Amino acid sequence: MAVISSSITSCDNEKHTKDLSKQSLTSETYSGKHITHKYDEQIDSIMVQLTLEEKVGMLHGTSMFTTAGVERLEIPELKMADGPLGVREEISRSSWAPAGLDNDFATYYPAGGGLSATWNTKLAYLFGNSVGEESRARGKDVLLSPAINIIRTPLGGRTYEYLTEDPFLNKKLTVPFIVGLQDNDVAACVKHYVANNQETNRDFVDVQIDERTLREIYLPVFEAAVKEANAYSIMGAYNKFRGEYLCENNNMLNGVLKGEWGFEGIVISDWAAVHTSVNSLKSGLDVEMGTPKPFNEFFLADPLLDSVKAGKISKAEIDKHVKRILRLMYTLKSMGGEDRKKGSINTEDHFNDAYKIASESVVLLKNSKNLLPINASEVKSIAVIGNNATKKNALGGFGAGVKTKREVTPLEGLKNRLPESIEINYAEGYQEKYAPKKKSIFGEVTQERAKTIDELDPKMLEEAINAAKTSDVAIIFAGSNRDYETEASDRADLELPFGQGELIEKILEVNPNTIVVMIAGAPFNINSIKEKSSALVWSWFNGSEGGNALADVLLGNVNPSGKLPWTMPKTIMDSPAHATNNFPGDKTVSYGEGLLVGYRWFDTKNIEPLYPFGYGLSYTTFNIKNAHADKEGPYSENETINIYVDVENTGTIDGKEVVQLYVSKKDSKIERAAQELKGFEKVSVNAGKTVNTVITIPVKELAYYNVTKKEWVVEPGTYKIKIGNSSRAIKEEISININ
Ligand code: BGC
């Protein structure tokens with residue numbers, strides 16, 4: 001019998017303890033607490049006691065990750081830490097050097113790509129909440145996370161750190177993440193606002209985007225972060241937008257963010273992204289952070305004091321920003337004496353949280369001969385090949401590194417999970433090798449990636465071939481790492497580095513039972529691997545428990561349920577920014593592909609991707625059927641469309657499927673992508689069972705941005721709702737009308 005299961009119970013997380021029941025709703029229901037105004041009178045009384053110098057001290061970094069406090073008035077420093085993969089190790093107060101402490105370990109959580117591949121909003125909340133607890137345990141007020149810029153090009157150096165190419169998936173994961181984080185009396189700092197979609201020339205490139213594309217593709221996640229999650233801080237990006245640096249862009253800060261959206265938190269600059277004193281403050285920046293130089297030389301330090309004295313900026317303007325900071329402090333309870341969450345760190349619970357996310361993120365790309373899951377009772381020996389089998393990815397990479405006590409590698413994961421009777425023959429196969437170093441240096445931003453040495457070492461190759469030949473099964477752990485994919489440089493191409501292509505071909509030749517596991521955060525050219533291998537798995541920089549989660553998927557303890565959060569192109573020239581010759585630009589980059597970012601481009605232009613957005617297999621099979629809307633009749637703008645759909649598990653093992661809902665408008669009066677994701681639901685279905693699920697779409701979600709009217713408009717008429725399990729696997733279609 002079919003059971004009605006709303007999203008409340010559709011994702012089962014109970015395997016690992018933690019009561020999520022209160023938050024286990026769809027992302028629509030996640031909403032964060034507002035900045036408090038309860039203490040406004042106290043704030044006024046503090047303001048009159050503060051000297052100008054003290055106020056200015058609060059507006060800029062006085063160490064690498066803090067602004068000044070005012071001891072005599074019991075105003076604490078505002079303490080910040082990176083970042084998206086977990087709370088970064090402590091950095092020296094006046095340089096980028098690690099502080100060298102032994103109490104700054106933290107849980108390493110899966111990088112952005114891993115979280116987004118789960119397509120699970122509850123896990124996004126869990127992630128935020130878990131890292132929020134760690135932030136508090138480390139005494140932080142602001143975590144410089146989440147990093148959520150749209151993935152415009154697969155080559156972007158921070159693709160691994162960001163979530164997705166799709167604005168809907170982006171906001172649906174970002175909102176619960178922020179709410180979870182901020183539930184711990186710590187502020188999210190949502191970054192990088194905005195149009196920071198490449199590393200090349202990021203310090204000065206002037207991004208040009210047409211208004212509709214800005215509103216529909218690049219802003220929705222920030223808008224939802226502000227309006228739904230009530231994010232307490234936003235990081236201004238390095239780059240320019242329409243001629244103005246983002247940290248002094250009046251239209252984007254005072255206009256859109258604080259004006260239109262009513263943002264009450266603080267705008268913190270990216271590190272060294274400020275270029276003026278008066279203009280940046282007047283344009284809406286609140287706090288300047290940066291790289292070391294004497295901190296009093298920051299634009300919002302002595303030069304600002306001089307500007308006040310010279311009458312170029314009013315004291316009232318300074319007060320405006322200081323008040324916002326104080327309000328934030330009361331909201332976070334770092335002032336006001338209310339009980340503040342104390343947090344916890346490096347706990348088994350947190351490692352379990354990282355595990356849960358990782359185990360739902362692994363994407364099964366191909367399994368044509370059912371090599372997977374590996375049946376441990378039938379296998380006597382396994383060759384484990386590849387540098388990525390033992391590579392650790394927690395540390396490094398500018399602000400996205402974590403010093404952790406636990407990072408289970410893929411090889412360790414297998415050893416943890418396999419019976420001792422199975423022989424593991426490890427061979428490194430390829431080495432991570434760079435030409436005389438041009439590893440990323442902070443502040444140096446080029447498109448040049450570290451030049452890799454792509455030749456294989458003959459001896460290592462031979463060892464790997466022998467291991468593969470003499471083992472029942474071979475698993476190659478290939479892909480990239482966080483030196484190769486990194487902030488501050490985009491990749492030059494999609495090719496696999498370090499000679500891995502050749503290695504994989506040779507191993508496939510000698511052992512047909514070869515499973516290729518990619519560990520990477522961004523698309524690579526895996527055309528020939530797809531063709532020649534029969535088992536292909538995608539994993540990520542996947543956190544402290546990444547190796548255990550991966551082993552569990554390979555061995556069938558966990559049924560894979562990850563879905564690609566971006567399109568894997570066959571060639572880079574198929575990707576929109578490249579096909580339209582709009583990457584990386586020079587002083588200016590124009591987003592000439594407009595709305596057609598990611599799958600929107602591929603689907604509208606009928607270009608076959610290597611793997612489509614939303615793609616991912618399971619060890620079981622699902623049948624998505626009986627889709628119907630709650631009514632035939634026309635919906636009006638304020639209504640919600642409920643789409644009911646049955647998900648039948650037609651196989652013999654339990655699994656999870658992501659039901660995806662795309663919307664098309666035929667005969668639209670305006671330009672539109674062929675289809676757009678407007679709903680999804682991750683559903684857990686036991687073998688042989690059927691689950692009814694409901695996906696809700698507020699009609700307003702179908703609006704486009706009307707540039708002339710400067711408002712969101714729902715075009716009346718017929719819409720096609722397509723339901724499937726990837727953007728290219730549509731199983732059901734229904735039409736609905738909107739009047
Ligand atoms: C990055 C930010 C990071 C900051 C502080 C910058 O280079 O763009 O994401 O939070 O450094 O480490």
# chains A, B, ... in the order shown; residues from 1 in each chain; ligands from 1
$ select_by_dssp --residues "range 85-284 of chain A" --states "alpha helix (DSSP H)" --output "JSON, numbers by chain"
{"A": [112, 113, 114, 115, 116, 117, 118, 121, 122, 123, 124, 125, 126, 127, 128, 129, 130, 131, 132, 133, 134, 135, 136, 137, 167, 168, 169, 170, 171, 172, 173, 174, 175, 176, 177, 178, 179, 180, 181, 182, 211, 212, 213, 220, 221, 222, 223, 224, 225, 226, 227, 250, 278, 279, 280, 281, 282, 283]}
$ residues_around --residues "range 600-603 of chain A" --least-positions-apart "3" --cutoff "6 Å" --atoms "only C-alpha atoms" --output "count of residues only"
6
$ closest_atom_pairs --of "chain A" --to "ligand 1" --cutoff "7 Å" --atoms "only C-alpha atoms and all ligand atoms" --output "tab-separated table"
residue	atom	partner	partner_atom_place_in_ligand_line	distance
A:Asp82	CA	ligand 1	10 (O)	5.4
A:Gly83	CA	ligand 1	10 (O)	6.3
A:Leu144	CA	ligand 1	10 (O)	5.3
A:Lys191	CA	ligand 1	9 (O)	6.7
A:Asp270	CA	ligand 1	6 (C)	5.6
A:Trp271	CA	ligand 1	11 (O)	5.1
A:Phe398	CA	ligand 1	12 (O)	6.1
A:Gly399	CA	ligand 1	12 (O)	4.0
$ write_last_selection --atoms "all heavy atoms" --output "compact mmCIF listing (two decimals), in the first residue's frame"
# COMPACT_ATOMS: atom_id res chain seq x y z
N ASP A 82 37.36 31.76 9.15
CA ASP A 82 36.92 30.97 7.99
C ASP A 82 36.46 29.63 8.54
O ASP A 82 36.87 29.25 9.66
CB ASP A 82 38.11 30.75 7.05
CG ASP A 82 38.33 31.98 6.17
OD1 ASP A 82 37.37 32.38 5.51
OD2 ASP A 82 39.45 32.51 6.17
N GLY A 83 35.72 28.85 7.89
CA GLY A 83 35.21 29.05 6.60
C GLY A 83 34.33 27.88 6.22
O GLY A 83 33.83 27.11 7.03
N LEU A 144 32.93 32.75 8.42
CA LEU A 144 32.96 33.27 7.05
C LEU A 144 32.49 32.18 6.09
O LEU A 144 33.26 31.56 5.35
CB LEU A 144 34.36 33.77 6.72
CG LEU A 144 34.90 34.79 7.74
CD1 LEU A 144 36.36 35.12 7.48
CD2 LEU A 144 34.06 36.06 7.73
N LYS A 191 29.04 34.64 1.44
CA LYS A 191 30.03 35.24 0.54
C LYS A 191 29.98 34.61 -0.83
O LYS A 191 29.57 33.46 -0.96
CB LYS A 191 31.42 35.10 1.17
CG LYS A 191 31.92 33.67 1.37
CD LYS A 191 33.12 33.65 2.29
CE LYS A 191 33.83 32.32 2.26
NZ LYS A 191 34.98 32.26 3.16
N ASP A 270 35.60 41.46 1.83
CA ASP A 270 36.57 40.38 1.67
C ASP A 270 37.92 40.96 2.06
O ASP A 270 38.10 42.18 2.15
CB ASP A 270 36.57 39.82 0.24
CG ASP A 270 37.14 38.39 0.21
OD1 ASP A 270 37.87 38.02 1.14
OD2 ASP A 270 36.84 37.64 -0.75
N TRP A 271 38.87 40.07 2.28
CA TRP A 271 40.15 40.50 2.86
C TRP A 271 40.97 41.33 1.87
O TRP A 271 41.42 40.82 0.85
CB TRP A 271 40.92 39.28 3.37
CG TRP A 271 40.63 38.97 4.82
CD1 TRP A 271 41.56 38.84 5.80
CD2 TRP A 271 39.36 38.79 5.46
NE1 TRP A 271 40.93 38.62 7.02
CE2 TRP A 271 39.60 38.58 6.84
CE3 TRP A 271 38.04 38.83 5.02
CZ2 TRP A 271 38.57 38.39 7.77
CZ3 TRP A 271 37.01 38.64 5.94
CH2 TRP A 271 37.28 38.42 7.29
N PHE A 398 43.95 28.54 1.17
CA PHE A 398 43.51 29.84 1.69
C PHE A 398 42.49 29.65 2.81
O PHE A 398 42.71 28.87 3.71
CB PHE A 398 42.95 30.72 0.56
CG PHE A 398 43.96 31.00 -0.51
CD1 PHE A 398 44.06 30.17 -1.60
CD2 PHE A 398 44.82 32.08 -0.41
CE1 PHE A 398 44.99 30.43 -2.59
CE2 PHE A 398 45.76 32.33 -1.38
CZ PHE A 398 45.85 31.50 -2.48
N GLY A 399 41.35 30.35 2.66
CA GLY A 399 40.38 30.38 3.75
C GLY A 399 39.55 29.13 3.91
O GLY A 399 38.72 29.06 4.82
$ residues_around --residues "Gly655 in chain A" --least-positions-apart "5" --cutoff "8 Å" --atoms "only C-alpha atoms" --output "ChimeraX atom specification"
/A:559-561,618-620,649,684-687
$ closest_residue --among "A:Ala99, A:Ala354, A:Leu508, A:Val683" --to "Asn548 in chain A" --atoms "only C-alpha atoms"
A:Ala354
$ residues_around --residues "Leu143 in chain A" --least-positions-apart "3" --cutoff "10 Å" --atoms "only C-alpha atoms" --output "ChimeraX atom specification"
/A:79-84,86-88,131-132,134-136,140,146,181-182,186-190,233
$ residues_around --residues "His192 in chain A" --least-positions-apart "5" --cutoff "10 Å" --atoms "only C-alpha atoms" --output "list in words"
Leu144, Ser145, Pro146, Ala147, Ile148, Asn149, Asn197, Phe222, Ile234, Met235, Gly236, Ala237, Tyr238, Asn239, Leu246, Ile268, Ser269 and Asp270 of chain A
$ closest_atom_pairs --of "range 409-524 of chain A" --to "range 150-172 of chain A" --cutoff "6 Å" --atoms "only C-alpha atoms" --output "tab-separated table"
residue	atom	partner	partner_atom	distance
A:Glu485	CA	A:Gly157	CA	5.4
A:Thr486	CA	A:Gly157	CA	4.8
A:Glu487	CA	A:Gly157	CA	5.2
A:Ser489	CA	A:Gly157	CA	5.3
A:Asp490	CA	A:Gly157	CA	4.1
A:Arg491	CA	A:Leu155	CA	4.9
A:Gly521	CA	A:Tyr160	CA	3.9
A:Ala522	CA	A:Tyr160	CA	5.6
A:Pro523	CA	A:Pro154	CA	5.8
$ residues_around --residues "range 450-454 of chain A" --least-positions-apart "5" --cutoff "12 Å" --atoms "only C-alpha atoms" --output "VMD selection string"
chain A and resid 157 430 to 441 445 480 to 493 495 to 503
$ closest_residue --among "A:Ile35, A:Ala389, A:Leu173, A:Ile217" --to "Gly262 in chain A" --atoms "only C-alpha atoms"
A:Ile35
$ closest_residue --among "A:Phe477, A:Tyr39, A:Phe204, A:Tyr193" --to "Tyr218 in chain A" --atoms "only C-alpha atoms"
A:Tyr193
$ decode --residues "range 529-647 of chain A" --atoms "C-alpha atoms" --output "PDB file, in the first residue's frame"
ATOM      1  CA  ILE A 529      36.881   6.988 -18.656  1.00  0.00           C
ATOM      2  CA  LYS A 530      33.132   7.032 -19.056  1.00  0.00           C
ATOM      3  CA  GLU A 531      33.432   5.103 -22.274  1.00  0.00           C
ATOM      4  CA  LYS A 532      35.973   2.525 -21.163  1.00  0.00           C
ATOM      5  CA  SER A 533      35.120   1.815 -17.555  1.00  0.00           C
ATOM      6  CA  SER A 534      32.010   0.036 -16.456  1.00  0.00           C
ATOM      7  CA  ALA A 535      31.951   1.470 -12.943  1.00  0.00           C
ATOM      8  CA  LEU A 536      32.433   5.162 -12.308  1.00  0.00           C
ATOM      9  CA  VAL A 537      31.846   6.995  -9.041  1.00  0.00           C
ATOM     10  CA  TRP A 538      32.172  10.674  -8.176  1.00  0.00           C
ATOM     11  CA  SER A 539      33.211  11.758  -4.726  1.00  0.00           C
ATOM     12  CA  TRP A 540      34.277  15.106  -3.273  1.00  0.00           C
ATOM     13  CA  PHE A 541      36.656  16.736  -0.841  1.00  0.00           C
ATOM     14  CA  ASN A 542      34.435  15.044   1.563  1.00  0.00           C
ATOM     15  CA  GLY A 543      35.361  15.847   5.114  1.00  0.00           C
ATOM     16  CA  SER A 544      36.681  14.023   8.141  1.00  0.00           C
ATOM     17  CA  GLU A 545      34.679  10.881   7.431  1.00  0.00           C
ATOM     18  CA  GLY A 546      34.929  11.027   3.645  1.00  0.00           C
ATOM     19  CA  GLY A 547      36.875   7.757   3.357  1.00  0.00           C
ATOM     20  CA  ASN A 548      34.444   5.807   5.525  1.00  0.00           C
ATOM     21  CA  ALA A 549      31.447   7.178   3.649  1.00  0.00           C
ATOM     22  CA  LEU A 550      33.020   6.335   0.319  1.00  0.00           C
ATOM     23  CA  ALA A 551      33.901   2.806   1.426  1.00  0.00           C
ATOM     24  CA  ASP A 552      30.343   2.324   2.647  1.00  0.00           C
ATOM     25  CA  VAL A 553      29.029   3.302  -0.773  1.00  0.00           C
ATOM     26  CA  LEU A 554      31.511   1.085  -2.624  1.00  0.00           C
ATOM     27  CA  LEU A 555      30.663  -1.870  -0.410  1.00  0.00           C
ATOM     28  CA  GLY A 556      26.926  -1.322  -0.491  1.00  0.00           C
ATOM     29  CA  ASN A 557      26.501  -0.422   3.190  1.00  0.00           C
ATOM     30  CA  VAL A 558      25.110   2.840   1.877  1.00  0.00           C
ATOM     31  CA  ASN A 559      23.108   3.046  -1.308  1.00  0.00           C
ATOM     32  CA  PRO A 560      24.371   6.051  -3.287  1.00  0.00           C
ATOM     33  CA  SER A 561      21.926   8.926  -3.574  1.00  0.00           C
ATOM     34  CA  GLY A 562      24.072  11.873  -4.655  1.00  0.00           C
ATOM     35  CA  LYS A 563      23.145  13.886  -7.738  1.00  0.00           C
ATOM     36  CA  LEU A 564      25.388  16.199  -9.709  1.00  0.00           C
ATOM     37  CA  PRO A 565      24.846  19.814  -8.682  1.00  0.00           C
ATOM     38  CA  TRP A 566      26.266  21.005 -11.996  1.00  0.00           C
ATOM     39  CA  THR A 567      26.532  19.924 -15.600  1.00  0.00           C
ATOM     40  CA  MET A 568      29.535  17.874 -16.646  1.00  0.00           C
ATOM     41  CA  PRO A 569      30.295  19.066 -20.175  1.00  0.00           C
ATOM     42  CA  LYS A 570      31.871  16.911 -22.865  1.00  0.00           C
ATOM     43  CA  THR A 571      34.217  19.739 -23.659  1.00  0.00           C
ATOM     44  CA  ILE A 572      34.770  23.096 -22.069  1.00  0.00           C
ATOM     45  CA  MET A 573      33.688  24.818 -25.263  1.00  0.00           C
ATOM     46  CA  ASP A 574      30.201  23.420 -24.728  1.00  0.00           C
ATOM     47  CA  SER A 575      29.899  25.419 -21.519  1.00  0.00           C
ATOM     48  CA  PRO A 576      28.041  28.708 -21.865  1.00  0.00           C
ATOM     49  CA  ALA A 577      30.695  31.165 -20.677  1.00  0.00           C
ATOM     50  CA  HIS A 578      33.209  29.525 -22.998  1.00  0.00           C
ATOM     51  CA  ALA A 579      30.934  28.884 -25.956  1.00  0.00           C
ATOM     52  CA  THR A 580      30.062  32.567 -26.014  1.00  0.00           C
ATOM     53  CA  ASN A 581      33.699  33.518 -25.527  1.00  0.00           C
ATOM     54  CA  ASN A 582      32.952  35.308 -22.292  1.00  0.00           C
ATOM     55  CA  PHE A 583      35.544  33.871 -19.967  1.00  0.00           C
ATOM     56  CA  PRO A 584      37.713  35.120 -18.351  1.00  0.00           C
ATOM     57  CA  GLY A 585      37.531  38.560 -19.943  1.00  0.00           C
ATOM     58  CA  ASP A 586      40.250  41.005 -19.203  1.00  0.00           C
ATOM     59  CA  LYS A 587      39.564  44.179 -17.293  1.00  0.00           C
ATOM     60  CA  THR A 588      35.910  43.497 -17.937  1.00  0.00           C
ATOM     61  CA  VAL A 589      33.999  40.255 -18.214  1.00  0.00           C
ATOM     62  CA  SER A 590      30.547  40.240 -19.763  1.00  0.00           C
ATOM     63  CA  TYR A 591      28.213  37.440 -18.872  1.00  0.00           C
ATOM     64  CA  GLY A 592      27.059  37.222 -22.475  1.00  0.00           C
ATOM     65  CA  GLU A 593      25.325  33.877 -21.978  1.00  0.00           C
ATOM     66  CA  GLY A 594      22.811  35.789 -19.872  1.00  0.00           C
ATOM     67  CA  LEU A 595      20.247  33.566 -18.203  1.00  0.00           C
ATOM     68  CA  LEU A 596      21.578  30.456 -19.842  1.00  0.00           C
ATOM     69  CA  VAL A 597      23.949  29.357 -17.107  1.00  0.00           C
ATOM     70  CA  GLY A 598      24.659  25.659 -16.596  1.00  0.00           C
ATOM     71  CA  TYR A 599      21.987  23.234 -17.765  1.00  0.00           C
ATOM     72  CA  ARG A 600      19.840  26.158 -18.898  1.00  0.00           C
ATOM     73  CA  TRP A 601      22.307  26.587 -21.739  1.00  0.00           C
ATOM     74  CA  PHE A 602      22.720  22.915 -22.566  1.00  0.00           C
ATOM     75  CA  ASP A 603      18.978  22.278 -22.578  1.00  0.00           C
ATOM     76  CA  THR A 604      18.052  25.394 -24.522  1.00  0.00           C
ATOM     77  CA  LYS A 605      20.750  24.876 -27.141  1.00  0.00           C
ATOM     78  CA  ASN A 606      20.257  21.117 -27.302  1.00  0.00           C
ATOM     79  CA  ILE A 607      23.816  20.282 -26.396  1.00  0.00           C
ATOM     80  CA  GLU A 608      24.389  16.836 -24.995  1.00  0.00           C
ATOM     81  CA  PRO A 609      26.364  17.025 -21.762  1.00  0.00           C
ATOM     82  CA  LEU A 610      28.637  14.229 -20.634  1.00  0.00           C
ATOM     83  CA  TYR A 611      26.524  13.968 -17.484  1.00  0.00           C
ATOM     84  CA  PRO A 612      23.549  16.227 -16.938  1.00  0.00           C
ATOM     85  CA  PHE A 613      22.680  18.368 -13.963  1.00  0.00           C
ATOM     86  CA  GLY A 614      20.832  16.328 -11.357  1.00  0.00           C
ATOM     87  CA  TYR A 615      22.226  13.018 -12.563  1.00  0.00           C
ATOM     88  CA  GLY A 616      23.124  10.148 -10.256  1.00  0.00           C
ATOM     89  CA  LEU A 617      22.351   6.436 -10.142  1.00  0.00           C
ATOM     90  CA  SER A 618      21.487   4.129  -7.288  1.00  0.00           C
ATOM     91  CA  TYR A 619      21.996   0.430  -6.580  1.00  0.00           C
ATOM     92  CA  THR A 620      18.267   0.123  -6.854  1.00  0.00           C
ATOM     93  CA  THR A 621      15.859   1.435  -9.463  1.00  0.00           C
ATOM     94  CA  PHE A 622      13.005   3.840  -9.070  1.00  0.00           C
ATOM     95  CA  ASN A 623       9.869   4.437 -10.952  1.00  0.00           C
ATOM     96  CA  ILE A 624       8.524   7.963 -10.763  1.00  0.00           C
ATOM     97  CA  LYS A 625       4.849   7.893 -11.653  1.00  0.00           C
ATOM     98  CA  ASN A 626       1.290   9.127 -11.177  1.00  0.00           C
ATOM     99  CA  ALA A 627       2.262  12.780 -11.066  1.00  0.00           C
ATOM    100  CA  HIS A 628      -0.686  15.078 -10.709  1.00  0.00           C
ATOM    101  CA  ALA A 629      -1.407  18.562  -9.506  1.00  0.00           C
ATOM    102  CA  ASP A 630      -3.841  19.347  -6.707  1.00  0.00           C
ATOM    103  CA  LYS A 631      -6.207  20.979  -9.163  1.00  0.00           C
ATOM    104  CA  GLU A 632      -6.718  21.475 -12.845  1.00  0.00           C
ATOM    105  CA  GLY A 633      -8.104  24.941 -12.675  1.00  0.00           C
ATOM    106  CA  PRO A 634      -6.041  28.050 -12.930  1.00  0.00           C
ATOM    107  CA  TYR A 635      -3.813  29.023 -10.060  1.00  0.00           C
ATOM    108  CA  SER A 636      -3.515  32.607  -9.006  1.00  0.00           C
ATOM    109  CA  GLU A 637      -0.327  34.348  -8.053  1.00  0.00           C
ATOM    110  CA  ASN A 638      -0.609  33.846  -4.324  1.00  0.00           C
ATOM    111  CA  GLU A 639      -1.384  30.167  -4.480  1.00  0.00           C
ATOM    112  CA  THR A 640       0.837  27.184  -4.098  1.00  0.00           C
ATOM    113  CA  ILE A 641       0.878  24.360  -6.572  1.00  0.00           C
ATOM    114  CA  ASN A 642       1.059  20.941  -4.987  1.00  0.00           C
ATOM    115  CA  ILE A 643       2.433  18.253  -7.218  1.00  0.00           C
ATOM    116  CA  TYR A 644       1.845  14.731  -5.984  1.00  0.00           C
ATOM    117  CA  VAL A 645       4.078  12.027  -7.270  1.00  0.00           C
ATOM    118  CA  ASP A 646       4.668   8.385  -6.473  1.00  0.00           C
ATOM    119  CA  VAL A 647       8.162   7.036  -6.164  1.00  0.00           C
TER     120      VAL A 647
END
